[in-house]
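Worksheet for the structure shown next.
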Amino acid sequence: MAIASGFFAVVARSGLISRAIVVGVADAVDPEEFLRELTSFNEEPAVAPKQPAKATERPGESAPRSSQVPPDPGRGRRQTEGPPVVASDGRRADDQRRLRAGAAAVAGGAVGTKAPVTTQTGAGDNGDERKSLVGLLVAAIATVLILSWIATSCLGDDDGIIDAGSSSETTDVDESADSSVATTSTTTATTAPPTTTAAVDLGAEAAAALAAAGIEGITATANGSTIVLAGNAPDEAAKAAAQAAVEGLAGVEAVDNQITVAAARDINAEANAALAAAGITGVTATVAGDVATLTGEAANGEQRLAAELAMLGIAGIETVDNQITLPPTPAEILTGTLNEVVLANPIQFSTGSADIRSESQPILDQVAELLAANPDGAVEVGGHTDSDGGAEGNRELSQERAQSVLDYLVSKGVDPARLTAVGYGEDAPLVPNDSGDNKRKNRRIEFTVS
């Protein structure tokens with residue numbers, strides 16, 4: 001059975017048509033019985049010995065020798081009757097007929113025709129029948145090979161090996177399964193999308209984080225997972241704030257902080273250096289916030305203005321509180337000198353009147369001498385009272401007393417064109433009128449030179 005199965009499997013490699021033919025032949029014949037019967041054809045069958053024919057004597061002829069056997073008129077022809085044929089292995093003639101019928105079925109299945117059924121053969125035809133059976137088998141095999149070659153030429157090679165004992169249904173399932181696997185594999189390879197990862201620009205993210213934190217003048221670049229910070233910061237706090245802004249970003253493992261911190265600014269030193277550069281001496285600048293305060297004394301009004309402009313040229317200073325004083329003018333000096341004299345020894349008047357007491361005349365003589373020594377400038381003589389009495393009455397009284405002093409000075413040689421008398425009453429006290437001593441100070445004569 002193994003030999004027959006191998007044979008049909010080899011033939012089946014050629015193509016789809018040969019596969020169907022071999023499967024049909026394999027189903028029709030039992031391979032094991034076929035091989036067993038085929039082997040028996042190689043042996044000579046035992047035939048029963050024929051009875052010698054009786055000699056017939058004819059006149060004039062001698063009797064034949066006993067060794068001569070008359071010719072068999074039925075040799076080579078099919079015998080309708082005869083003794084049963086027994087195979088060498090003891091099988092009966094009906095087994096041989098069944099074998100011949102199976103061989104004929106094989107030949108008939110191969111060529112697509114119905115094999116004739118022989119019901120009985122004579123012993124003399126046994127050798128011819130073997131030849132006929134072998135010929136039919138050879139023809140069947142040749143037909144299968146020819147059809148296989150045609151199928152291979154038309155349909156191409158089929159690499160699948162079909163088991164002769166397997167059904168066509170099993171073969172179709174295997175091919176379907178193989179085809180399904182191949183299709184699935186192709187679909188997977190075609191439809192699987194490539195996976196890509198978007199590159200993350202840490203440098204751009206760090207720059208955006210600095211901008212969001214309001215930090216200017218600082219650049220951020222990425223060196224792998226390290227952010228490099230560079231630029232100038234006004235102080236250490238700004239430098240630390242820039243580093244904190246980028247440390248929390250995803251993917252940042254380290255920060256290389258190369259920010260340069262400017263030296264602490266001494267804006268007061270800058271302001272005073274600006275005054276020195278402008279050639280202004282005797283003036284001091286003090287800066288608080290955006291306000292610069294100037295104190296001291298300038299040589300003249302031009303220097304005072306130049307100092308103020310120098311402060312406004314410094315970054316961060318928006319306002320100047322200019323308290324610079326200028327050297328007193330001759331008029332201011334004279335005003336100060338005259339008032340020092342009368343404040344040290346106030347001019348005394350009689351109570352409620354404009355009459356100058358005699359003890360105050362020497363003080364007015366000294367004032368006349370100072371005015372004579374400084375002939376330039378107009379001089380105002382101002383009269384002041386305390387708060388006692390009515391305001392209008394005090395104003396009239398102060399006016400009369402100022403006029404009395406002016407008249408005395410004119411009598412001492414002062415040019416009346418330089419002198420003017422003005423009464424202020426109680427409107428410009430030096431100190432509050434809350435005591436007798438303070439009231440005495442508020443009752444006074446003042447000189448203003450212009």
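Going through the structure tokens in order, the chains are called A, B, and so on, while each chain numbers its residues from 1 and the ligands are numbered from 1 in the order shown.
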
Compile the contact shell of Thr420 (chain A) as a ChimeraX atom specification: residues with an atom at most 12 Å away, counting only C-alpha atoms, same-chain residues fewer than 4 positions apart removed.
-> /A:377-383,399,402-407,409-410,414-416,446-450

Those selected residues, please, written with C-alpha atoms and delivered as an mmCIF file, in the first residue's frame.
```cif
data_model
loop_
_atom_site.group_PDB
_atom_site.id
_atom_site.type_symbol
_atom_site.label_atom_id
_atom_site.label_comp_id
_atom_site.auth_asym_id
_atom_site.auth_seq_id
_atom_site.Cartn_x
_atom_site.Cartn_y
_atom_site.Cartn_z
ATOM 1 C CA GLY A 377 18.717 149.151 45.499
ATOM 2 C CA ALA A 378 15.238 150.150 46.638
ATOM 3 C CA VAL A 379 14.397 149.766 50.297
ATOM 4 C CA GLU A 380 11.007 148.824 51.693
ATOM 5 C CA VAL A 381 10.191 149.796 55.304
ATOM 6 C CA GLY A 382 7.619 147.331 56.639
ATOM 7 C CA GLY A 383 5.539 147.833 59.800
ATOM 8 C CA GLN A 399 1.417 151.890 58.229
ATOM 9 C CA ALA A 402 6.588 152.531 58.939
ATOM 10 C CA GLN A 403 6.085 156.070 57.656
ATOM 11 C CA SER A 404 7.642 157.552 60.816
ATOM 12 C CA VAL A 405 10.842 155.463 60.296
ATOM 13 C CA LEU A 406 11.024 156.495 56.627
ATOM 14 C CA ASP A 407 10.782 160.167 57.580
ATOM 15 C CA LEU A 409 15.924 158.188 57.630
ATOM 16 C CA VAL A 410 15.247 160.909 55.084
ATOM 17 C CA VAL A 414 18.794 158.856 52.807
ATOM 18 C CA ASP A 415 17.382 159.431 49.338
ATOM 19 C CA PRO A 416 13.584 159.371 49.702
ATOM 20 C CA GLU A 446 11.695 145.078 58.774
ATOM 21 C CA PHE A 447 13.806 146.251 55.829
ATOM 22 C CA THR A 448 13.761 144.564 52.373
ATOM 23 C CA VAL A 449 16.298 145.749 49.815
ATOM 24 C CA SER A 450 15.589 144.962 46.112
#
```

Go through region 252-358 of chain A and collect every residue that DSSP, computed from the backbone, puts in helix (DSSP H, G or I); the answer should be as a ChimeraX atom specification.
-> /A:267-277,301-312,330-344,358

Give me a file of those residues, with N, CA and C atoms, as a CSV table (one decimal), in the first residue's frame.
```csv
chain,number,residue,atom,x,y,z
A,267,ILE,N,23.5,104.6,42.2
A,267,ILE,CA,23.0,105.7,41.4
A,267,ILE,C,23.3,107.0,42.0
A,268,ASN,N,23.5,107.0,43.4
A,268,ASN,CA,24.0,108.3,44.0
A,268,ASN,C,25.3,108.7,43.5
A,269,ALA,N,26.2,107.7,43.4
A,269,ALA,CA,27.6,108.0,42.9
A,269,ALA,C,27.5,108.5,41.5
A,270,GLU,N,26.6,107.9,40.7
A,270,GLU,CA,26.4,108.3,39.3
A,270,GLU,C,26.0,109.8,39.2
A,271,ALA,N,25.0,110.2,40.1
A,271,ALA,CA,24.5,111.5,40.1
A,271,ALA,C,25.6,112.5,40.5
A,272,ASN,N,26.3,112.3,41.5
A,272,ASN,CA,27.4,113.2,41.9
A,272,ASN,C,28.5,113.3,40.9
A,273,ALA,N,28.8,112.1,40.3
A,273,ALA,CA,29.8,112.1,39.2
A,273,ALA,C,29.4,113.0,38.0
A,274,ALA,N,28.0,113.0,37.8
A,274,ALA,CA,27.5,113.8,36.7
A,274,ALA,C,27.7,115.3,37.0
A,275,LEU,N,27.5,115.7,38.3
A,275,LEU,CA,27.7,117.1,38.7
A,275,LEU,C,29.1,117.5,38.6
A,276,ALA,N,30.0,116.6,39.0
A,276,ALA,CA,31.5,116.9,38.8
A,276,ALA,C,31.8,117.1,37.4
A,277,ALA,N,31.3,116.2,36.5
A,277,ALA,CA,31.6,116.3,35.1
A,277,ALA,C,31.1,117.6,34.5
A,301,GLY,N,23.1,131.5,38.9
A,301,GLY,CA,21.9,130.8,38.5
A,301,GLY,C,22.1,129.9,37.3
A,302,GLU,N,23.1,130.1,36.5
A,302,GLU,CA,23.4,129.2,35.4
A,302,GLU,C,23.8,127.9,35.9
A,303,GLN,N,24.7,127.9,36.9
A,303,GLN,CA,25.1,126.6,37.4
A,303,GLN,C,24.0,125.8,38.1
A,304,ARG,N,23.1,126.5,38.7
A,304,ARG,CA,22.0,125.9,39.3
A,304,ARG,C,21.1,125.2,38.3
A,305,LEU,N,20.9,125.8,37.1
A,305,LEU,CA,20.1,125.1,36.1
A,305,LEU,C,20.9,124.0,35.5
A,306,ALA,N,22.2,124.1,35.3
A,306,ALA,CA,23.0,123.0,34.7
A,306,ALA,C,23.0,121.8,35.6
A,307,ALA,N,23.0,122.0,36.9
A,307,ALA,CA,22.9,120.8,37.8
A,307,ALA,C,21.6,120.1,37.7
A,308,GLU,N,20.5,120.8,37.5
A,308,GLU,CA,19.3,120.1,37.3
A,308,GLU,C,19.2,119.3,36.0
A,309,LEU,N,19.7,119.9,34.9
A,309,LEU,CA,19.7,119.1,33.7
A,309,LEU,C,20.6,117.9,33.7
A,310,ALA,N,21.7,118.0,34.5
A,310,ALA,CA,22.6,116.8,34.6
A,310,ALA,C,21.9,115.6,35.3
A,311,MET,N,21.0,115.9,36.3
A,311,MET,CA,20.3,114.8,36.9
A,311,MET,C,19.3,114.2,36.0
A,312,LEU,N,18.6,115.0,35.2
A,312,LEU,CA,17.6,114.4,34.3
A,312,LEU,C,18.2,113.6,33.2
A,330,PRO,N,24.1,141.7,46.6
A,330,PRO,CA,24.3,142.9,47.4
A,330,PRO,C,23.0,143.4,48.1
A,331,ALA,N,21.9,143.2,47.4
A,331,ALA,CA,20.7,143.7,48.0
A,331,ALA,C,20.3,142.7,49.1
A,332,GLU,N,20.5,141.4,48.9
A,332,GLU,CA,20.1,140.5,50.0
A,332,GLU,C,21.1,140.6,51.2
A,333,ILE,N,22.3,140.9,50.8
A,333,ILE,CA,23.3,141.1,51.9
A,333,ILE,C,22.9,142.3,52.8
A,334,LEU,N,22.5,143.4,52.1
A,334,LEU,CA,22.1,144.6,52.8
A,334,LEU,C,20.8,144.4,53.6
A,335,THR,N,19.9,143.6,53.0
A,335,THR,CA,18.7,143.3,53.7
A,335,THR,C,19.0,142.5,55.0
A,336,GLY,N,19.8,141.6,54.9
A,336,GLY,CA,20.2,140.8,56.1
A,336,GLY,C,20.9,141.6,57.2
A,337,THR,N,21.7,142.5,56.7
A,337,THR,CA,22.5,143.3,57.7
A,337,THR,C,21.5,144.3,58.4
A,338,LEU,N,20.6,145.0,57.7
A,338,LEU,CA,19.7,145.9,58.3
A,338,LEU,C,18.8,145.2,59.3
A,339,ASN,N,18.3,144.0,58.9
A,339,ASN,CA,17.4,143.3,59.8
A,339,ASN,C,18.1,142.8,61.1
A,340,GLU,N,19.3,142.4,60.9
A,340,GLU,CA,20.1,142.0,62.1
A,340,GLU,C,20.2,143.1,63.1
A,341,VAL,N,20.3,144.4,62.6
A,341,VAL,CA,20.4,145.5,63.5
A,341,VAL,C,19.1,145.7,64.2
A,342,VAL,N,18.0,145.8,63.5
A,342,VAL,CA,16.7,146.2,64.2
A,342,VAL,C,16.2,145.0,65.0
A,343,LEU,N,16.5,143.7,64.6
A,343,LEU,CA,16.0,142.6,65.4
A,343,LEU,C,16.8,142.5,66.7
A,344,ALA,N,18.0,142.8,66.7
A,344,ALA,CA,18.8,142.8,68.0
A,344,ALA,C,18.3,143.9,68.9
A,358,SER,N,12.9,157.9,72.1
A,358,SER,CA,14.3,158.5,72.0
A,358,SER,C,15.4,157.4,72.0
```

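For the choices A:Asp427, A:Ser360, A:Arg265, A:Gly214, the atom-to-atom distance to Glu392 (chain A) is smallest for A:Asp427 when using only C-alpha atoms.
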
Looking at A:Gln348, A:Val287, A:Gly231, A:Ala240, which one is nearest to Val320 (chain A), with distances taken over only C-alpha atoms?
->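 Once distances to Val320 (chain A) are computed over only C-alpha atoms, the minimum belongs to A:Val287.
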
Polymer residues at most 8 Å from region 242-257 of chain A, only C-alpha atoms, same-chain spacing of 4 or more positions, as a list of chain:residue names |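 Result of the neighbour search: A:Leu202, A:Glu205, A:Ala206, A:Ala209, A:Leu210, A:Ala213, A:Ile215, A:Ile218, A:Ser225, A:Thr226, A:Ile227, A:Val228, A:Leu229, A:Ala230, A:Ala238.
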
Looking at only C-alpha atoms, which of A:Thr325, A:Asn300, A:Gln361, A:Asn442 is the one that sits closest to Ser411 (chain A)?
-> A:Gln361
